[in-house]
>>> print(open('target-v9.txt').read())   # compact mmCIF, C-alpha atoms and all ligand atoms
# COMPACT_ATOMS: atom_id res chain seq x y z
CA MET A 1 -32.54 6.99 21.35
CA LYS A 2 -32.05 8.23 24.92
CA ILE A 3 -31.47 11.97 25.18
CA LYS A 4 -30.15 13.66 28.32
CA MET A 5 -30.06 17.39 28.91
CA ARG A 6 -27.88 19.49 31.16
CA ALA A 7 -26.20 22.88 31.43
CA LEU A 8 -23.30 23.48 29.05
CA ARG A 9 -19.95 22.94 30.80
CA LEU A 10 -16.47 24.11 29.93
CA ARG A 11 -15.43 20.62 28.86
CA ASP A 12 -18.28 20.64 26.29
CA VAL A 13 -16.93 23.67 24.46
CA TYR A 14 -14.84 21.90 21.83
CA GLN A 15 -17.49 19.31 21.02
CA THR A 16 -20.16 22.00 20.80
CA TYR A 17 -17.89 24.06 18.57
CA CYS A 18 -17.47 21.04 16.28
CA MET A 19 -21.23 20.59 16.11
CA LEU A 20 -21.66 24.24 15.08
CA ARG A 21 -18.71 24.07 12.65
CA ASP A 22 -20.26 21.05 10.92
CA LEU A 23 -23.66 22.65 10.39
CA SER A 24 -24.82 23.00 6.81
CA LYS A 25 -24.72 26.48 5.29
CA GLU A 26 -28.51 26.58 5.50
CA ALA A 27 -28.61 25.69 9.22
CA ARG A 28 -25.84 28.19 9.96
CA ARG A 29 -27.84 30.86 8.20
CA HIS A 30 -30.83 30.15 10.43
CA PHE A 31 -28.83 29.82 13.65
CA ARG A 32 -27.18 33.19 13.73
CA ALA A 33 -28.46 34.63 16.98
CA LEU A 34 -25.50 33.64 19.18
CA PRO A 35 -23.55 36.82 19.85
CA THR A 36 -20.56 35.96 17.72
CA LYS A 37 -19.22 37.21 14.41
CA GLY A 38 -18.98 33.98 12.49
CA LEU A 39 -17.83 30.61 13.68
CA ARG A 40 -14.25 31.70 14.35
CA ASN A 41 -15.45 33.51 17.40
CA SER A 42 -17.69 30.65 18.47
CA ILE A 43 -15.13 29.15 20.84
CA LYS A 44 -14.84 32.46 22.69
CA THR A 45 -18.61 32.80 22.87
CA LEU A 46 -19.03 29.16 23.92
CA ILE A 47 -16.49 29.58 26.72
CA SER A 48 -18.46 32.59 28.00
CA LEU A 49 -21.65 30.56 27.64
CA ALA A 50 -20.18 27.65 29.60
CA LEU A 51 -18.77 29.89 32.33
CA MET A 52 -22.08 31.68 32.70
CA SER A 53 -24.10 28.47 32.59
CA THR A 54 -22.08 27.08 35.48
CA GLY A 55 -22.48 30.27 37.52
CA LEU A 56 -19.01 31.70 36.89
CA ASP A 57 -20.23 34.81 35.11
CA ARG A 58 -18.39 37.03 37.57
CA CYS A 59 -15.34 36.20 35.42
CA ILE A 60 -16.87 38.17 32.56
CA PRO A 61 -18.60 41.13 34.17
CA LEU A 62 -18.53 43.57 31.27
CA LEU A 63 -21.11 42.04 28.99
CA PRO A 64 -24.58 43.65 28.95
CA TYR A 65 -26.25 40.22 29.11
CA THR A 66 -25.95 36.83 30.76
CA LEU A 67 -26.06 33.63 28.73
CA TYR A 68 -27.33 30.23 29.82
CA GLY A 69 -26.71 27.18 27.66
CA LEU A 70 -28.26 23.73 27.66
CA VAL A 71 -26.91 20.79 25.72
CA ALA A 72 -28.73 17.69 24.55
CA LEU A 73 -26.63 14.53 24.71
CA GLU A 74 -27.00 11.09 23.22
CA GLU A 75 -24.70 8.97 25.36
CA GLU A 76 -21.84 11.49 25.72
CA LYS A 77 -22.26 13.04 22.28
CA ILE A 78 -23.57 16.60 22.09
CA VAL A 79 -26.40 16.62 19.57
CA GLY A 80 -28.12 19.91 20.35
CA LEU A 81 -27.70 23.28 21.98
CA ALA A 82 -30.17 25.83 23.28
CA TYR A 83 -29.31 29.06 24.95
CA LEU A 84 -31.02 31.95 26.65
CA LEU A 85 -29.64 35.43 26.51
CA VAL A 86 -30.83 37.49 29.46
CA PRO A 87 -30.21 41.24 29.31
CA LYS A 88 -28.81 42.81 32.45
CA SER A 89 -30.70 46.09 32.04
CA LYS A 90 -33.60 46.32 34.48
CA SER A 91 -36.17 47.19 31.84
CA LYS A 92 -35.28 44.17 29.65
CA ALA A 93 -34.16 41.56 32.17
CA HIS A 94 -37.56 39.79 32.19
CA ASN A 95 -37.32 39.05 28.47
CA ALA A 96 -34.90 36.25 27.53
CA THR A 97 -33.89 35.58 23.92
CA LEU A 98 -33.81 31.97 22.76
CA GLY A 99 -31.54 30.27 20.25
CA ILE A 100 -31.64 26.59 19.39
CA VAL A 101 -29.86 24.20 17.08
CA VAL A 102 -29.81 20.44 16.60
CA SER A 103 -26.89 18.62 15.03
CA GLU A 104 -27.10 17.53 11.40
CA GLY A 105 -28.34 13.95 11.28
CA TYR A 106 -30.24 14.22 14.59
CA ARG A 107 -33.12 16.39 13.42
CA GLY A 108 -36.73 15.26 13.28
CA LYS A 109 -36.25 12.98 16.31
CA GLY A 110 -37.83 15.29 18.89
CA ILE A 111 -34.59 16.81 20.22
CA GLY A 112 -35.57 20.38 19.27
CA THR A 113 -38.88 19.87 21.07
CA LEU A 114 -37.12 18.53 24.18
CA LEU A 115 -34.65 21.44 24.20
CA THR A 116 -37.44 24.01 23.81
CA ARG A 117 -39.41 22.44 26.67
CA ALA A 118 -36.31 22.35 28.87
CA ILE A 119 -35.41 25.94 28.08
CA LYS A 120 -38.90 27.05 29.13
CA VAL A 121 -38.36 25.41 32.52
CA TYR A 122 -34.94 27.03 32.72
CA ALA A 123 -36.35 30.48 31.85
CA ARG A 124 -39.02 30.16 34.54
CA ALA A 125 -36.36 29.18 37.07
CA LEU A 126 -34.39 32.30 36.11
CA GLY A 127 -37.50 34.42 36.73
CA SER A 128 -38.03 35.39 33.08
CA SER A 129 -41.58 36.31 32.17
CA LYS A 130 -41.09 36.20 28.42
CA ILE A 131 -39.02 34.32 25.85
CA SER A 132 -38.43 36.02 22.51
CA LEU A 133 -36.77 34.97 19.29
CA GLU A 134 -36.40 35.86 15.66
CA VAL A 135 -36.82 33.25 12.97
CA ASP A 136 -36.47 33.43 9.20
CA SER A 137 -39.88 33.20 7.52
CA ASP A 138 -38.55 30.37 5.31
CA ASN A 139 -37.49 28.26 8.34
CA GLU A 140 -40.70 26.22 8.35
CA ILE A 141 -39.47 23.50 10.71
CA ALA A 142 -38.41 25.95 13.41
CA ILE A 143 -41.62 28.00 13.05
CA LYS A 144 -43.68 24.81 13.39
CA LEU A 145 -41.70 23.83 16.49
CA TYR A 146 -42.13 27.22 18.17
CA LEU A 147 -45.86 27.48 17.36
CA LYS A 148 -46.38 23.99 18.83
CA GLN A 149 -44.56 25.09 21.97
CA GLY A 150 -46.92 28.04 22.42
CA PHE A 151 -44.92 30.87 20.82
CA LYS A 152 -46.91 33.46 18.90
CA ILE A 153 -45.84 35.53 15.92
CA GLU A 154 -45.71 39.09 17.28
CA GLY A 155 -44.49 40.89 14.22
CA ILE A 156 -42.92 40.59 10.82
CA LEU A 157 -39.64 42.31 10.01
CA LYS A 158 -40.06 42.89 6.30
CA CYS A 159 -37.11 42.19 3.98
CA GLU A 160 -34.83 41.82 7.01
CA GLU A 161 -32.27 39.37 5.54
CA ARG A 162 -30.69 38.99 2.13
CA VAL A 163 -30.44 35.34 1.09
CA ASN A 164 -28.98 34.55 -2.34
CA ASP A 165 -29.98 37.98 -3.61
CA LYS A 166 -33.51 37.56 -2.32
CA LEU A 167 -34.83 39.61 0.57
CA ILE A 168 -36.67 37.55 3.15
CA ASP A 169 -38.90 38.45 6.07
CA VAL A 170 -38.07 37.54 9.66
CA TYR A 171 -40.72 36.71 12.25
CA ARG A 172 -40.43 38.04 15.74
CA MET A 173 -41.96 35.42 18.04
CA GLY A 174 -42.65 35.47 21.74
CA LEU A 175 -43.93 33.29 24.56
CA LEU A 176 -45.36 34.78 27.72
CA LEU A 177 -44.57 32.53 30.66
CA GLN A 178 -47.42 31.85 33.04
CA TYR A 179 -46.73 31.55 36.74
C1 LIG A 201 -35.25 23.93 14.11
C2 LIG A 201 -34.57 22.72 14.76
C3 LIG A 201 -33.87 23.19 16.04
C4 LIG A 201 -35.65 21.68 15.09
O1 LIG A 201 -35.01 20.61 15.75
P1 LIG A 201 -35.53 19.09 15.59
O2 LIG A 201 -34.83 18.25 16.57
O3 LIG A 201 -35.47 18.69 14.17
O4 LIG A 201 -37.06 19.29 16.02
P2 LIG A 201 -38.12 18.14 16.36
O5 LIG A 201 -37.60 16.80 15.94
O6 LIG A 201 -38.50 18.31 17.77
O7 LIG A 201 -39.30 18.52 15.39
C5 LIG A 201 -40.07 19.67 15.54
C6 LIG A 201 -41.19 19.61 14.52
O8 LIG A 201 -40.65 19.81 13.20
C7 LIG A 201 -40.94 18.68 12.37
N1 LIG A 201 -39.79 18.37 11.55
C8 LIG A 201 -38.53 18.13 11.98
N2 LIG A 201 -37.74 17.90 10.92
C9 LIG A 201 -38.54 17.98 9.82
C10 LIG A 201 -38.32 17.85 8.43
N3 LIG A 201 -37.11 17.59 7.93
N4 LIG A 201 -39.36 18.04 7.59
C11 LIG A 201 -40.57 18.32 8.07
N5 LIG A 201 -40.87 18.47 9.38
C12 LIG A 201 -39.85 18.29 10.23
C13 LIG A 201 -41.22 17.55 13.31
O9 LIG A 201 -42.05 16.60 12.72
C14 LIG A 201 -41.85 18.24 14.50
O10 LIG A 201 -43.22 18.42 14.30
P3 LIG A 201 -44.24 17.39 15.04
O11 LIG A 201 -44.03 17.63 16.53
O12 LIG A 201 -45.55 17.83 14.53
O13 LIG A 201 -43.82 16.04 14.63
C15 LIG A 201 -33.55 22.05 13.80
O14 LIG A 201 -34.20 21.78 12.58
C16 LIG A 201 -32.31 22.89 13.52
O15 LIG A 201 -31.33 22.81 14.26
N6 LIG A 201 -32.34 23.68 12.44
C17 LIG A 201 -31.18 24.52 12.08
C18 LIG A 201 -30.97 25.68 13.04
C19 LIG A 201 -32.24 26.47 13.21
O16 LIG A 201 -32.99 26.70 12.29
N7 LIG A 201 -32.46 26.94 14.44
C20 LIG A 201 -33.61 27.78 14.77
C21 LIG A 201 -33.22 29.21 14.57
S1 LIG A 201 -34.56 30.29 15.02
>>> encode(input="target-v9.txt", output="structure tokens")
Amino acid sequence: MKIKMRALRLRDVYQTYCMLRDLSKEARRHFRALPTKGLRNSIKTLISLALMSTGLDRCIPLLPYTLYGLVALEEEKIVGLAYLLVPKSKSKAHNATLGIVVSEGYRGKGIGTLLTRAIKVYARALGSSKISLEVDSDNEIAIKLYLKQGFKIEGILKCEERVNDKLIDVYRMGLLLQY
């Protein structure tokens, strides 16, 4: 399988939306960091993401952050998405937040690893000195991926999420980028 990666473009929005729409309930629960209230707002968020990723963020000047999206493609099919959310405030701008998701049926083939590696390069190019994320403590695959990519667990948010009437912890993870 040959995987290509590039910045998210406007013409990718519908396909990316479909990928997110078709995620299992479990995957959707884990991938909740995109700034959207549920999937209905995904299109709006993805349009912002695509505009910002292609340098057109002046169209949306009011948001307190900038988003950068990368897609993984097999042939022309979008099979993964990673994004960085970079705060505009001076005190936080060095610290980008990462979100990542791979399409159902394409997991376990190294795409998540490729996207994480690519997003690290992207973050360096943006001048970030840290990448942060939050991951559910029961998301073993994602935790394994992040640890392998050099992220460290920086803290545990106890009983942060309610899942099927059970309270679960969330790990705060971070990667300091070396220059
Ligand atoms: C987390 C996620 C992005 C990983 O993507 P992926 O393409 O499956 O990741 P990779 O194929 O690069 O695998 C990463 C590691 O997890 C392991 N892994 C992947 N799928 C696995 C599975 N079903 N069971 C056990 N291990 C698995 C791989 O073996 C690999 O470890 P290795 O390098 O030691 O072999 C993907 O599972 C996903 O989209 N999950 C739903 C959304 C989500 O949880 N996002 C993260 C929110 S913080």
>>> closest_residue(input="target-v9.txt", among="A:Ser91, A:Ser129, A:Ser53, A:Gln149", to="Leu115 (chain A)", atoms="all atoms listed in the file")
A:Gln149
>>> closest_residue(input="target-v9.txt", among="A:Ala123, A:Leu177, A:Ile3, A:Ile47", to="ligand LIG 201 (chain A)", atoms="all atoms listed in the file")
A:Ile3
>>> residues_around(input="target-v9.txt", residues="Arg107 (chain A)", least_positions_apart="4", cutoff="10 Å", atoms="all atoms listed in the file", output="VMD selection string")
chain A and resid 79 to 80 101 to 103 111 to 112 141
>>> atom_distance(input="target-v9.txt", atom1="atom O3 of ligand LIG 201 (chain A)", atom2="CA of Thr116 (chain A)")
11.2 Å
>>> residues_near_ligand(input="target-v9.txt", ligand="ligand LIG 201 (chain A)", cutoff="9 Å", atoms="all atoms listed in the file", output="MDAnalysis selection string")
chainID A and resid 23:24 26:33 80:82 98:104 106:116 133:136 139:146 148
>>> closest_residue(input="target-v9.txt", among="A:Ile156, A:Leu10, A:Met5, A:Leu175", to="Gly55 (chain A)", atoms="only C-alpha atoms")
A:Leu10
>>> closest_residue(input="target-v9.txt", among="A:Leu157, A:Ile43, A:Ala72, A:Ala96", to="Ser137 (chain A)", atoms="all atoms listed in the file")
A:Leu157
>>> atom_distance(input="target-v9.txt", atom1="CA of Tyr68 (chain A)", atom2="CA of Gly174 (chain A)")
18.1 Å
>>> closest_residue(input="target-v9.txt", among="A:Leu126, A:Ile153, A:Val163, A:Ala50", to="His94 (chain A)", atoms="only C-alpha atoms")
A:Leu126
>>> atom_distance(input="target-v9.txt", atom1="CA of Pro87 (chain A)", atom2="CA of Ser128 (chain A)")
10.5 Å
>>> residues_around(input="target-v9.txt", residues="Lys88 (chain A)", least_positions_apart="5", cutoff="10 Å", atoms="all atoms listed in the file", output="CSV table (one decimal) with C-alpha atoms, keeping the file's coordinate frame")
chain,number,residue,atom,x,y,z
A,63,LEU,CA,-21.1,42.0,29.0
A,64,PRO,CA,-24.6,43.6,29.0
A,65,TYR,CA,-26.2,40.2,29.1
A,66,THR,CA,-26.0,36.8,30.8
A,93,ALA,CA,-34.2,41.6,32.2
A,94,HIS,CA,-37.6,39.8,32.2
>>> residues_near_point(input="target-v9.txt", point="(-29.5, 25.9, 27.9)", cutoff="7 Å", atoms="all atoms listed in the file", output="compact mmCIF listing (two decimals) with C-alpha atoms, in the frame of the given file")
# COMPACT_ATOMS: atom_id res chain seq x y z
CA ALA A 7 -26.20 22.88 31.43
CA LEU A 8 -23.30 23.48 29.05
CA TYR A 68 -27.33 30.23 29.82
CA GLY A 69 -26.71 27.18 27.66
CA LEU A 70 -28.26 23.73 27.66
CA VAL A 71 -26.91 20.79 25.72
CA LEU A 81 -27.70 23.28 21.98
CA ALA A 82 -30.17 25.83 23.28
CA TYR A 83 -29.31 29.06 24.95
CA LEU A 84 -31.02 31.95 26.65
CA ILE A 119 -35.41 25.94 28.08
>>> closest_residue(input="target-v9.txt", among="A:Ile168, A:Leu73, A:Ser48, A:Asn95", to="Lys2 (chain A)", atoms="all atoms listed in the file")
A:Leu73
